[in-house]
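So this one's target_13.txt, compact mmCIF, C-alpha atoms:
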```txt
# COMPACT_ATOMS: atom_id res chain seq x y z
CA MET S 434 0.00 0.00 0.00
CA PRO S 435 1.65 3.28 -1.10
CA GLN S 436 0.04 5.07 1.84
CA LEU S 437 2.17 3.10 4.30
CA ASP S 438 5.36 3.24 2.27
CA PHE S 439 7.66 5.14 4.57
CA THR S 440 10.76 4.38 2.55
CA THR S 441 9.96 7.38 0.40
CA PRO S 442 10.27 10.78 2.14
CA LEU S 443 7.22 11.99 0.21
CA THR S 444 4.79 10.29 2.64
CA ILE S 445 5.98 12.49 5.49
CA SER S 446 6.79 15.57 3.42
CA GLN S 447 3.23 15.73 2.08
CA VAL S 448 2.01 16.03 5.67
CA ILE S 449 4.44 18.84 6.41
CA TRP S 450 3.49 20.71 3.25
CA GLY S 451 -0.14 19.92 4.05
CA ALA S 452 0.23 21.51 7.47
CA ILE S 453 1.71 24.64 5.92
CA ILE S 454 -1.04 24.82 3.31
CA PHE S 455 -3.73 24.25 5.94
CA VAL S 456 -2.38 27.00 8.19
CA VAL S 457 -2.13 29.45 5.28
CA LEU S 458 -5.66 28.55 4.20
CA TYR S 459 -6.93 28.99 7.76
CA ARG S 460 -5.30 32.41 8.00
CA LEU S 461 -6.69 33.58 4.68
CA LEU S 462 -10.16 32.28 5.46
CA SER S 463 -10.39 33.56 9.02
CA ARG S 464 -8.87 37.00 8.31
CA ASN S 465 -10.05 37.83 4.80
CA ALA S 466 -12.62 35.59 3.21
CA LEU S 467 -14.97 34.86 6.11
CA PRO S 468 -15.09 38.48 7.38
CA LEU S 469 -15.93 39.45 3.81
CA VAL S 470 -18.96 37.15 3.85
CA SER S 471 -20.02 38.20 7.32
CA SER S 472 -19.72 41.90 6.43
CA VAL S 473 -22.05 41.41 3.47
CA LEU S 474 -24.49 39.39 5.59
CA GLU S 475 -24.44 42.03 8.33
CA GLU S 476 -24.93 44.78 5.79
CA ARG S 477 -27.97 42.99 4.47
CA ALA S 478 -29.37 42.36 7.94
CA ALA S 479 -28.88 46.04 8.81
CA LYS S 480 -30.55 47.13 5.56
CA ILE S 481 -33.48 44.78 6.14
CA SER S 482 -34.00 45.98 9.69
CA LEU S 483 -33.72 49.60 8.52
CA ASP S 484 -36.31 48.97 5.81
CA LEU S 485 -38.55 47.23 8.33
CA ASP S 486 -38.27 50.21 10.65
CA GLY S 487 -39.15 52.53 7.78
CA ALA S 488 -42.14 50.40 6.88
CA ARG S 489 -43.24 50.35 10.52
CA ALA S 490 -42.96 54.15 10.73
CA ALA S 491 -44.95 54.54 7.50
CA LYS S 492 -47.61 52.22 8.86
CA ALA S 493 -47.77 54.25 12.07
CA ARG S 494 -48.18 57.41 10.03
CA ALA S 495 -50.91 55.83 7.94
CA ASP S 496 -52.68 54.61 11.09
CA ALA S 497 -52.50 58.09 12.58
CA GLY S 498 -53.95 59.53 9.34
CA VAL S 499 -56.82 57.04 9.40
CA GLU S 500 -57.44 57.88 13.05
CA GLU S 501 -57.49 61.56 12.27
CA ALA S 502 -59.86 61.08 9.35
CA ASN S 503 -62.15 58.98 11.56
CA ALA S 504 -62.11 61.63 14.25
CA ALA S 505 -62.90 64.33 11.68
CA THR S 506 -65.77 62.27 10.28
CA MET S 507 -67.15 61.71 13.78
CA LYS S 508 -66.91 65.38 14.58
CA ALA S 509 -68.58 66.41 11.32
CA ARG S 510 -71.33 63.88 11.94
CA ALA S 511 -71.87 65.17 15.45
CA GLU S 512 -72.01 68.77 14.21
CA ALA S 513 -74.48 67.86 11.51
CA GLN S 514 -76.66 66.03 14.03
CA HIS S 515 -76.51 69.03 16.31
CA ALA S 516 -77.54 71.38 13.50
CA ILE S 517 -80.42 69.09 12.54
CA ASN S 518 -81.58 68.94 16.13
CA ALA S 519 -81.44 72.71 16.47
CA ALA S 520 -83.40 73.23 13.25
CA VAL S 521 -86.04 70.72 14.29
CA GLU S 522 -86.32 72.38 17.69
CA GLU S 523 -86.73 75.80 16.14
CA ALA S 524 -89.34 74.58 13.71
CA LYS S 525 -91.22 72.96 16.57
CA LYS S 526 -91.09 76.16 18.56
CA ALA S 527 -92.31 78.22 15.63
CA ALA S 528 -95.11 75.77 14.98
CA ALA S 529 -96.11 75.88 18.65
CA ALA S 530 -96.16 79.68 18.64
CA GLN S 531 -98.25 79.73 15.51
CA ALA S 532 -100.63 77.22 16.98
CA GLU S 533 -100.96 79.33 20.10
CA VAL S 534 -101.81 82.47 18.12
CA LEU S 535 -104.34 80.51 16.16
CA ASN S 536 -105.80 79.05 19.33
CA ALA S 537 -106.08 82.49 20.87
CA ARG S 538 -107.85 83.84 17.81
CA LEU S 539 -110.22 80.88 17.73
CA GLU S 540 -110.87 81.29 21.42
CA LYS S 541 -111.68 84.93 20.90
CA GLN S 542 -113.97 84.19 18.01
CA LEU S 543 -115.65 81.55 20.09
CA ALA S 544 -116.10 83.98 22.94
CA ASP S 545 -117.50 86.61 20.58
CA ALA S 546 -119.83 84.10 19.09
CA GLU S 547 -120.99 83.03 22.54
CA ALA S 548 -121.50 86.65 23.57
CA GLN S 549 -123.53 87.24 20.43
CA ILE S 550 -125.57 84.15 21.16
CA ALA S 551 -126.14 85.30 24.71
CA ALA S 552 -127.19 88.79 23.50
CA ALA S 553 -129.49 87.28 20.93
CA ARG S 554 -130.89 85.01 23.53
CA ALA S 555 -131.39 87.88 25.99
CA SER S 556 -133.17 89.99 23.41
CA ALA S 557 -135.22 86.96 22.44
CA MET S 558 -136.12 86.47 26.11
CA LYS S 559 -137.06 90.10 26.43
CA ALA S 560 -139.31 89.71 23.39
CA LEU S 561 -140.78 86.54 24.90
CA ARG S 562 -141.92 88.46 28.02
CA GLN S 563 -143.59 91.05 25.82
CA VAL S 564 -145.27 88.32 23.79
CA ALA S 565 -146.35 86.50 26.95
CA THR S 566 -147.73 89.71 28.48
CA ASP S 567 -149.56 90.59 25.33
CA THR S 568 -150.92 87.10 24.90
CA ALA S 569 -151.96 86.88 28.55
CA ALA S 570 -153.68 90.30 28.35
CA THR S 571 -155.54 89.28 25.22
CA VAL S 572 -156.56 85.90 26.68
CA VAL S 573 -157.75 87.48 29.95
CA THR S 574 -159.63 90.20 28.08
CA ARG S 575 -161.38 87.61 25.92
CA LEU S 576 -162.28 85.43 28.79
CA THR S 577 -163.33 88.00 31.26
CA GLY S 578 -164.05 90.94 29.05
CA VAL S 579 -162.03 93.11 31.36
CA SER S 580 -158.46 94.02 30.54
CA PRO S 581 -156.19 92.96 33.35
CA GLU S 582 -154.44 95.33 35.66
CA ALA S 583 -150.94 95.92 34.18
CA GLY S 584 -149.11 95.61 37.50
CA ARG S 585 -150.69 92.27 38.44
CA LEU S 586 -150.21 90.87 34.96
CA ASP S 587 -146.60 91.77 34.88
CA GLY S 588 -146.04 90.20 38.32
CA ALA S 589 -147.81 86.98 37.27
CA ILE S 590 -145.81 86.72 34.04
CA GLY S 591 -142.60 87.42 35.94
CA SER S 592 -143.29 84.65 38.50
CA ALA S 593 -144.33 82.22 35.75
CA LEU S 594 -141.25 82.87 33.73
CA SER S 595 -139.01 82.60 36.73
CA ALA S 596 -140.70 79.33 37.72
CA ARG S 597 -139.69 77.96 34.28
CA GLY S 598 -136.26 79.41 34.69
CA ILE S 599 -136.32 81.60 31.62
CA ALA S 600 -136.08 85.22 32.80
CA MET O 1380 -7.55 6.85 -10.97
CA ALA O 1381 -6.40 6.48 -14.55
CA ALA O 1382 -6.64 2.94 -15.81
CA GLU O 1383 -3.38 1.75 -17.23
CA GLY O 1384 -4.77 -0.97 -19.44
CA SER O 1385 -2.15 -3.49 -18.41
CA SER O 1386 -3.07 -7.14 -18.05
CA SER O 1387 -2.90 -7.05 -14.26
CA ILE O 1388 -5.01 -4.62 -12.25
CA ASP O 1389 -2.89 -2.07 -10.44
CA ALA O 1390 -5.51 -0.69 -8.03
CA LEU O 1391 -3.06 0.89 -5.63
CA GLY O 1392 -0.72 2.60 -8.06
CA GLN O 1393 -3.03 5.62 -8.11
CA PHE O 1394 -2.07 6.35 -4.53
CA GLN O 1395 1.65 6.53 -5.32
CA LEU O 1396 3.11 9.89 -4.43
CA HIS O 1397 5.23 11.79 -6.93
CA PRO O 1398 7.01 15.09 -6.67
CA ALA O 1399 4.99 17.81 -8.36
CA LEU O 1400 5.94 21.12 -10.01
CA GLY O 1401 9.02 19.71 -11.69
CA PHE O 1402 12.49 20.34 -10.35
CA ILE O 1403 11.56 22.89 -7.68
CA GLY O 1404 8.85 20.68 -6.24
CA GLY O 1405 11.15 17.70 -6.36
CA SER O 1406 13.90 19.45 -4.45
CA VAL O 1407 11.55 20.29 -1.52
CA ASN O 1408 9.54 17.06 -1.76
CA PHE O 1409 6.38 18.91 -2.79
CA THR O 1410 4.01 16.14 -3.89
CA GLN O 1411 1.00 16.04 -6.16
CA ALA O 1412 -1.07 15.63 -2.97
CA ASN O 1413 0.16 19.03 -1.86
CA LEU O 1414 -0.64 20.47 -5.26
CA MET O 1415 -4.19 19.22 -4.85
CA MET O 1416 -4.34 20.79 -1.39
CA VAL O 1417 -3.29 24.11 -2.88
CA ILE O 1418 -5.90 23.77 -5.62
CA SER O 1419 -8.56 22.92 -3.02
CA GLY O 1420 -7.59 25.92 -0.94
CA ILE O 1421 -7.66 28.19 -3.97
CA GLY O 1422 -11.06 26.71 -4.83
CA VAL O 1423 -12.50 27.62 -1.41
CA LEU O 1424 -10.99 31.09 -1.47
CA ALA O 1425 -12.18 31.66 -5.05
CA LEU O 1426 -15.71 30.60 -4.11
CA LEU O 1427 -15.79 33.16 -1.30
CA TRP O 1428 -13.88 35.96 -3.01
CA PHE O 1429 -15.53 35.82 -6.40
CA GLY O 1430 -18.85 34.89 -4.86
CA MET O 1431 -18.92 37.82 -2.45
CA ARG O 1432 -17.36 40.38 -4.80
CA PRO O 1433 -20.70 41.81 -6.04
CA ARG O 1434 -21.76 42.42 -2.40
CA ALA O 1435 -25.29 42.27 -3.75
CA MET O 1436 -28.34 42.77 -1.56
CA VAL O 1437 -30.06 40.04 -3.54
CA PRO O 1438 -27.34 37.45 -4.14
CA GLY O 1439 -26.69 35.80 -7.48
CA ARG O 1440 -25.94 32.11 -7.82
CA LEU O 1441 -22.28 32.16 -6.83
CA GLN O 1442 -22.86 34.60 -4.01
CA ALA O 1443 -25.78 32.50 -2.78
CA ALA O 1444 -23.48 29.46 -2.78
CA ALA O 1445 -20.83 31.33 -0.80
CA GLU O 1446 -23.37 32.66 1.68
CA LEU O 1447 -25.03 29.28 2.00
CA SER O 1448 -21.69 27.61 2.79
CA TYR O 1449 -21.02 30.27 5.41
CA ASP O 1450 -24.48 30.00 6.96
CA THR O 1451 -24.53 26.22 6.97
CA LEU O 1452 -21.19 25.88 8.71
CA LEU O 1453 -21.95 28.69 11.15
CA SER O 1454 -25.30 27.22 12.15
CA MET O 1455 -23.67 23.81 12.49
CA CYS O 1456 -21.07 25.27 14.88
CA LEU O 1457 -23.70 27.15 16.88
CA GLU O 1458 -26.04 24.19 17.09
CA GLN O 1459 -23.42 21.60 18.00
CA ILE O 1460 -21.08 23.64 20.19
CA GLY O 1461 -23.41 26.33 21.50
CA PRO O 1462 -22.85 30.09 21.54
CA GLU O 1463 -19.11 29.51 21.99
CA GLY O 1464 -19.12 27.88 18.55
CA ARG O 1465 -18.56 31.21 16.82
CA LYS O 1466 -14.98 31.17 18.11
CA TYR O 1467 -14.23 27.84 16.42
CA PHE O 1468 -16.23 28.54 13.28
CA PRO O 1469 -13.25 29.57 11.07
CA PHE O 1470 -11.42 26.38 12.01
CA VAL O 1471 -14.40 24.12 11.33
CA PHE O 1472 -15.08 25.99 8.09
CA THR O 1473 -11.48 25.55 6.93
CA LEU O 1474 -11.48 21.89 7.92
CA PHE O 1475 -14.77 21.12 6.19
CA PHE O 1476 -13.97 22.84 2.92
CA PHE O 1477 -10.38 21.59 2.83
CA ILE O 1478 -11.63 18.01 3.08
CA LEU O 1479 -14.70 18.59 0.88
CA PHE O 1480 -12.75 20.10 -2.00
CA GLY O 1481 -10.05 17.43 -1.62
CA ASN O 1482 -12.66 14.68 -1.80
CA LEU O 1483 -14.62 16.22 -4.66
CA LEU O 1484 -11.61 17.11 -6.81
CA GLY O 1485 -10.32 13.57 -6.27
CA VAL O 1486 -13.32 12.18 -8.13
CA PHE O 1487 -12.11 13.84 -11.36
CA PRO O 1488 -10.02 11.57 -13.59
CA TYR O 1489 -6.23 12.03 -13.28
CA PHE O 1490 -6.70 14.08 -10.10
CA PHE O 1491 -5.13 12.89 -6.90
CA THR O 1492 -7.18 12.46 -3.71
CA PHE O 1493 -5.06 13.61 -0.79
CA THR O 1494 -7.69 12.41 1.72
CA SER O 1495 -6.97 8.85 0.59
CA HIS O 1496 -3.67 9.01 2.46
CA ILE O 1497 -3.78 7.87 6.06
CA ALA O 1498 -0.86 10.17 6.89
CA VAL O 1499 -2.90 13.22 5.83
CA THR O 1500 -6.13 12.18 7.55
CA LEU O 1501 -4.20 11.16 10.65
CA ALA O 1502 -2.56 14.57 10.74
CA LEU O 1503 -5.99 16.23 10.44
CA ALA O 1504 -7.40 14.00 13.18
CA LEU O 1505 -4.41 14.76 15.40
CA LEU O 1506 -4.92 18.46 14.77
CA VAL O 1507 -8.54 18.17 15.87
CA PHE O 1508 -7.58 16.03 18.86
CA ILE O 1509 -4.89 18.45 20.01
CA LEU O 1510 -7.16 21.43 19.52
CA VAL O 1511 -10.01 19.79 21.44
CA THR O 1512 -7.75 18.77 24.31
CA THR O 1513 -6.14 22.21 24.45
CA VAL O 1514 -9.55 23.89 24.50
CA ALA O 1515 -10.72 21.55 27.27
CA ILE O 1516 -7.66 22.25 29.43
CA GLN O 1517 -7.90 25.98 28.78
CA GLU O 1518 -11.56 26.04 29.70
CA HIS O 1519 -11.48 23.77 32.74
CA GLY O 1520 -7.87 23.30 33.87
CA TRP O 1521 -7.40 20.15 35.97
CA HIS O 1522 -11.14 19.79 36.23
CA PHE O 1523 -10.93 18.55 32.63
CA LEU O 1524 -9.83 15.15 33.99
CA SER O 1525 -13.31 14.68 35.47
CA TYR O 1526 -14.40 14.08 31.87
CA PHE O 1527 -12.98 10.58 32.20
CA VAL O 1528 -14.89 9.83 35.41
CA PRO O 1529 -18.48 8.84 34.70
CA GLN O 1530 -21.03 9.85 37.33
CA GLY O 1531 -23.32 7.57 39.33
CA ILE O 1532 -21.09 4.50 38.98
CA PRO O 1533 -20.16 2.05 41.78
CA LYS O 1534 -16.64 2.70 43.12
CA VAL O 1535 -15.54 -0.83 42.26
CA LEU O 1536 -16.17 -0.31 38.57
CA LEU O 1537 -14.58 3.15 38.49
CA PRO O 1538 -10.97 2.20 37.58
CA LEU O 1539 -12.18 0.02 34.73
CA LEU O 1540 -14.52 2.67 33.38
CA VAL O 1541 -11.89 5.40 33.60
CA VAL O 1542 -9.57 3.23 31.51
CA ILE O 1543 -12.36 2.66 28.98
CA GLU O 1544 -13.15 6.38 28.85
CA VAL O 1545 -9.50 7.24 28.24
CA ILE O 1546 -9.22 4.65 25.51
CA SER O 1547 -12.39 5.87 23.83
CA TYR O 1548 -11.10 9.44 24.05
CA LEU O 1549 -7.80 8.46 22.43
CA SER O 1550 -9.49 6.30 19.82
CA ARG O 1551 -11.14 9.40 18.41
CA ILE O 1552 -7.89 9.99 16.53
CA ILE O 1553 -8.09 6.57 14.92
CA SER O 1554 -11.81 6.66 14.15
CA LEU O 1555 -11.68 10.13 12.64
CA SER O 1556 -8.67 9.44 10.45
CA VAL O 1557 -9.45 5.87 9.41
CA ARG O 1558 -13.09 6.64 8.57
CA LEU O 1559 -12.13 9.32 6.05
CA PHE O 1560 -9.10 7.50 4.68
CA ALA O 1561 -10.87 4.14 4.26
CA ASN O 1562 -13.93 5.66 2.63
CA MET O 1563 -11.94 7.60 0.09
CA MET O 1564 -9.50 4.83 -0.64
CA ALA O 1565 -12.16 2.13 -1.01
CA GLY O 1566 -14.13 4.20 -3.49
CA HIS O 1567 -11.10 4.94 -5.60
CA VAL O 1568 -9.93 1.34 -5.59
CA MET O 1569 -13.35 0.25 -6.80
CA LEU O 1570 -13.35 2.87 -9.56
CA GLU O 1571 -9.86 1.75 -10.61
CA VAL O 1572 -10.80 -1.95 -10.62
CA PHE O 1573 -13.94 -1.44 -12.71
CA GLY O 1574 -12.08 0.98 -14.96
CA ALA O 1575 -9.46 -1.70 -15.61
CA PHE O 1576 -12.24 -4.23 -16.24
CA ILE O 1577 -13.67 -2.06 -18.99
CA ILE O 1578 -10.39 -2.01 -20.89
CA MET O 1579 -9.50 -5.65 -20.29
CA LEU O 1580 -12.95 -6.97 -21.23
CA ALA O 1581 -13.28 -4.73 -24.26
CA GLY O 1582 -9.94 -6.08 -25.42
CA LEU O 1583 -11.34 -9.61 -25.45
CA GLY O 1584 -13.46 -8.86 -28.50
CA VAL O 1585 -17.22 -9.21 -29.06
CA LEU O 1586 -17.71 -11.52 -26.09
CA GLY O 1587 -16.35 -8.92 -23.71
CA TYR O 1588 -18.43 -5.97 -24.88
CA PHE O 1589 -21.42 -6.72 -22.68
CA PRO O 1590 -19.51 -7.14 -19.39
CA ALA O 1591 -17.36 -4.13 -20.33
CA GLY O 1592 -20.53 -2.06 -20.78
CA LEU O 1593 -21.79 -3.37 -17.45
CA SER O 1594 -18.55 -2.25 -15.80
CA LEU O 1595 -18.90 1.16 -17.39
CA ALA O 1596 -22.46 1.47 -16.08
CA LEU O 1597 -21.28 0.39 -12.63
CA ASN O 1598 -18.48 2.94 -12.70
CA THR O 1599 -20.95 5.63 -13.67
CA ILE O 1600 -23.09 4.75 -10.67
CA LEU O 1601 -19.99 4.55 -8.49
CA ILE O 1602 -18.96 8.06 -9.46
CA GLY O 1603 -22.30 9.39 -8.27
CA PHE O 1604 -21.89 7.37 -5.12
CA GLU O 1605 -18.37 8.76 -4.68
CA LEU O 1606 -19.70 12.31 -4.89
CA LEU O 1607 -22.13 11.47 -2.10
CA VAL O 1608 -19.37 9.91 -0.01
CA ALA O 1609 -17.11 12.90 -0.64
CA VAL O 1610 -19.67 15.33 0.79
CA LEU O 1611 -20.82 12.99 3.54
CA GLN O 1612 -17.33 12.25 4.85
CA ALA O 1613 -16.37 15.92 4.91
CA TYR O 1614 -19.61 16.62 6.78
CA VAL O 1615 -19.04 13.77 9.23
CA PHE O 1616 -15.52 14.96 9.94
CA ALA O 1617 -16.74 18.51 10.58
CA VAL O 1618 -19.73 17.43 12.70
CA LEU O 1619 -17.59 15.13 14.83
CA THR O 1620 -15.10 17.96 15.31
CA CYS O 1621 -17.97 20.15 16.48
CA ILE O 1622 -19.24 17.47 18.86
CA TYR O 1623 -15.77 16.98 20.32
CA LEU O 1624 -15.45 20.75 20.71
CA HIS O 1625 -18.82 20.78 22.47
CA ASP O 1626 -17.54 18.14 24.90
CA ALA O 1627 -14.38 20.17 25.43
CA VAL O 1628 -16.29 23.37 26.13
CA HIS O 1629 -19.06 21.89 28.26
CA LEU O 1630 -17.56 18.60 29.57
CA HIS O 1631 -20.45 16.22 28.66
```

For the structure just supplied, provide its representation as structure tokens.
Amino acid sequence: MPQLDFTTPLTISQVIWGAIIFVVLYRLLSRNALPLVSSVLEERAAKISLDLDGARAAKARADAGVEEANAATMKARAEAQHAINAAVEEAKKAAAAQAEVLNARLEKQLADAEAQIAAARASAMKALRQVATDTAATVVTRLTGVSPEAGRLDGAIGSALSARGIA
Amino acid sequence: MAAEGSSSIDALGQFQLHPALGFIGGSVNFTQANLMMVISGIGVLALLWFGMRPRAMVPGRLQAAAELSYDTLLSMCLEQIGPEGRKYFPFVFTLFFFILFGNLLGVFPYFFTFTSHIAVTLALALLVFILVTTVAIQEHGWHFLSYFVPQGIPKVLLPLLVVIEVISYLSRIISLSVRLFANMMAGHVMLEVFGAFIIMLAGLGVLGYFPAGLSLALNTILIGFELLVAVLQAYVFAVLTCIYLHDAVHLH
């Protein structure tokens, strides 16, 4: 087996050269090549985290904008509702005032009408007494042939009318 | 692993060492194994240097390969060793890619596989062993010796178990080096044998064509298998190094 042939110096010398090559390779890798890779990887990680932070900030800004818009909408809605309420209230008040004026006028007309009725009734009643007196005088005169004494007749009519509750 | 086409199969001749680089190499006993080591090292460095040169935010293929190799080895160190693994990451990285490129380049025809030499793998295993032991002594001082004393064991059995523990600790050198060496050598011997079969059987005339074709098919499959073994053995070597480092840092 050539691997165990120690008569040739090459079997040992390859190990010595191998050690030198390995050490040189280790140095180059650990001092140059691997830091190169790690620097690129770190750069990328830093960039990604920076971008993520930027995205997060943008999202926060957008959220704040949405919040603001919502608040503005709410406020506008509340103001509109308030204005509507005020208008409705005013209209109600105006309607109530109008109704009151109308009521007062109707009341007055009613009162006038009642007064007129009462006056008419009073005059009618007055006329009724006259008619009753005249009728009674005529009836008495026809029956008895004597015209009744005015004072007595008037008293009798008065008591009769008051007994019926008219005068 | 070039087949010579002689009548007898020379399966071991491929492992013969020769001086490389002509007269200069010959005068300092620089072998073709060392040349392959240099090529492997240049391969690793080229992968990282040319891969990382664009410094792109979104990596291309080569940069992705370089970053993936970095990430894989780093996560292996951190998972196996723990947070202290970052300290040993450059060593494990160098070890893994030195062996991986050596194994993979060895699969190419006419290329030499330096990991098929027990002297080389033994030196690597010794390096790991010495490093692990040094780390253990640095971290724990004399307390490191408690590693060889298992806990919860009857006092009568203790001397025996301590001896076993010491032997198993020392045998790490053998298992690490022989595993890699034997795997690489066996694969290359098989490739050589079947390669010689192809030429010998094809030389027999029409009768030999079918078995020669069969050998060729087998060799094709074997090459794929060798690629798997090349990666697997480099990985096993690196993982075991990490596990040993974990033991050294944490003692069990």

Counting all atoms listed in the file, which residues in stretch 448-544 of chain S sit no more than 12 Å from stretch 1430-1443 of chain O? For each one, give the nearest pair of atoms and the distance in Å, sorted by chain then residue number, as JSON lines.
```
{"residue": "S:Asn465", "atom": "CA", "partner": "O:Met1431", "partner_atom": "CA", "distance": 11.5}
{"residue": "S:Ala466", "atom": "CA", "partner": "O:Met1431", "partner_atom": "CA", "distance": 8.8}
{"residue": "S:Leu467", "atom": "CA", "partner": "O:Met1431", "partner_atom": "CA", "distance": 9.9}
{"residue": "S:Pro468", "atom": "CA", "partner": "O:Met1431", "partner_atom": "CA", "distance": 10.6}
{"residue": "S:Leu469", "atom": "CA", "partner": "O:Met1431", "partner_atom": "CA", "distance": 7.1}
{"residue": "S:Val470", "atom": "CA", "partner": "O:Met1431", "partner_atom": "CA", "distance": 6.3}
{"residue": "S:Ser471", "atom": "CA", "partner": "O:Met1431", "partner_atom": "CA", "distance": 9.8}
{"residue": "S:Ser472", "atom": "CA", "partner": "O:Arg1434", "partner_atom": "CA", "distance": 9.1}
{"residue": "S:Val473", "atom": "CA", "partner": "O:Arg1434", "partner_atom": "CA", "distance": 6.0}
{"residue": "S:Leu474", "atom": "CA", "partner": "O:Met1436", "partner_atom": "CA", "distance": 8.8}
{"residue": "S:Glu475", "atom": "CA", "partner": "O:Met1436", "partner_atom": "CA", "distance": 10.7}
{"residue": "S:Glu476", "atom": "CA", "partner": "O:Met1436", "partner_atom": "CA", "distance": 8.3}
{"residue": "S:Arg477", "atom": "CA", "partner": "O:Met1436", "partner_atom": "CA", "distance": 6.0}
{"residue": "S:Ala478", "atom": "CA", "partner": "O:Met1436", "partner_atom": "CA", "distance": 9.6}
{"residue": "S:Ala479", "atom": "CA", "partner": "O:Met1436", "partner_atom": "CA", "distance": 10.9}
{"residue": "S:Lys480", "atom": "CA", "partner": "O:Met1436", "partner_atom": "CA", "distance": 8.6}
{"residue": "S:Ile481", "atom": "CA", "partner": "O:Met1436", "partner_atom": "CA", "distance": 9.5}
```

One decimal, Å: what's the distance from atom CA of O:Thr1410 over to atom CA of O:Ile1553, could you say?
24.3 Å

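Shortest separation to O:Phe1409 among S:Gln436, S:Thr506, S:Ser446, S:Ser580 occurs at residue S:Ser446, atoms counted being all atoms listed in the file.
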
So, counting all atoms listed in the file, which residue among O:Ile1532, O:Leu1503, O:Ala1515, O:Ile1403 is closest to chain S?
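Among O:Ile1532, O:Leu1503, O:Ala1515, O:Ile1403, it is O:Leu1503 that comes nearest to chain S.
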
Give the answer as one residue: which of S:Ala490, S:Leu539, S:Leu458, S:Ala528 has the shortest atom-to-atom distance to chain O, using only C-alpha atoms?
S:Leu458

Hey, could you patch up stretch 1568-1580 of chain O with N, CA and C atoms and hand it over as a compact mmCIF listing (two decimals), keeping the file's coordinate frame?
```txt
# COMPACT_ATOMS: atom_id res chain seq x y z
N VAL O 1568 -10.38 2.67 -5.16
CA VAL O 1568 -9.93 1.34 -5.59
C VAL O 1568 -11.00 0.69 -6.46
N MET O 1569 -12.25 0.83 -6.02
CA MET O 1569 -13.35 0.25 -6.80
C MET O 1569 -13.41 0.86 -8.19
N LEU O 1570 -13.32 2.20 -8.25
CA LEU O 1570 -13.35 2.87 -9.56
C LEU O 1570 -12.22 2.35 -10.44
N GLU O 1571 -11.04 2.21 -9.85
CA GLU O 1571 -9.86 1.75 -10.61
C GLU O 1571 -10.08 0.33 -11.12
N VAL O 1572 -10.61 -0.54 -10.24
CA VAL O 1572 -10.80 -1.95 -10.62
C VAL O 1572 -11.79 -2.05 -11.77
N PHE O 1573 -12.94 -1.34 -11.63
CA PHE O 1573 -13.94 -1.44 -12.71
C PHE O 1573 -13.45 -0.75 -13.97
N GLY O 1574 -12.65 0.31 -13.79
CA GLY O 1574 -12.08 0.98 -14.96
C GLY O 1574 -11.15 0.03 -15.71
N ALA O 1575 -10.34 -0.74 -14.96
CA ALA O 1575 -9.46 -1.70 -15.61
C ALA O 1575 -10.26 -2.81 -16.29
N PHE O 1576 -11.37 -3.21 -15.64
CA PHE O 1576 -12.24 -4.23 -16.24
C PHE O 1576 -12.71 -3.80 -17.61
N ILE O 1577 -13.12 -2.54 -17.71
CA ILE O 1577 -13.67 -2.06 -18.99
C ILE O 1577 -12.65 -2.30 -20.09
N ILE O 1578 -11.41 -1.91 -19.85
CA ILE O 1578 -10.39 -2.01 -20.89
C ILE O 1578 -10.04 -3.47 -21.17
N MET O 1579 -9.89 -4.24 -20.09
CA MET O 1579 -9.50 -5.65 -20.29
C MET O 1579 -10.58 -6.43 -21.02
N LEU O 1580 -11.86 -6.21 -20.63
CA LEU O 1580 -12.95 -6.97 -21.23
C LEU O 1580 -13.20 -6.53 -22.66
```
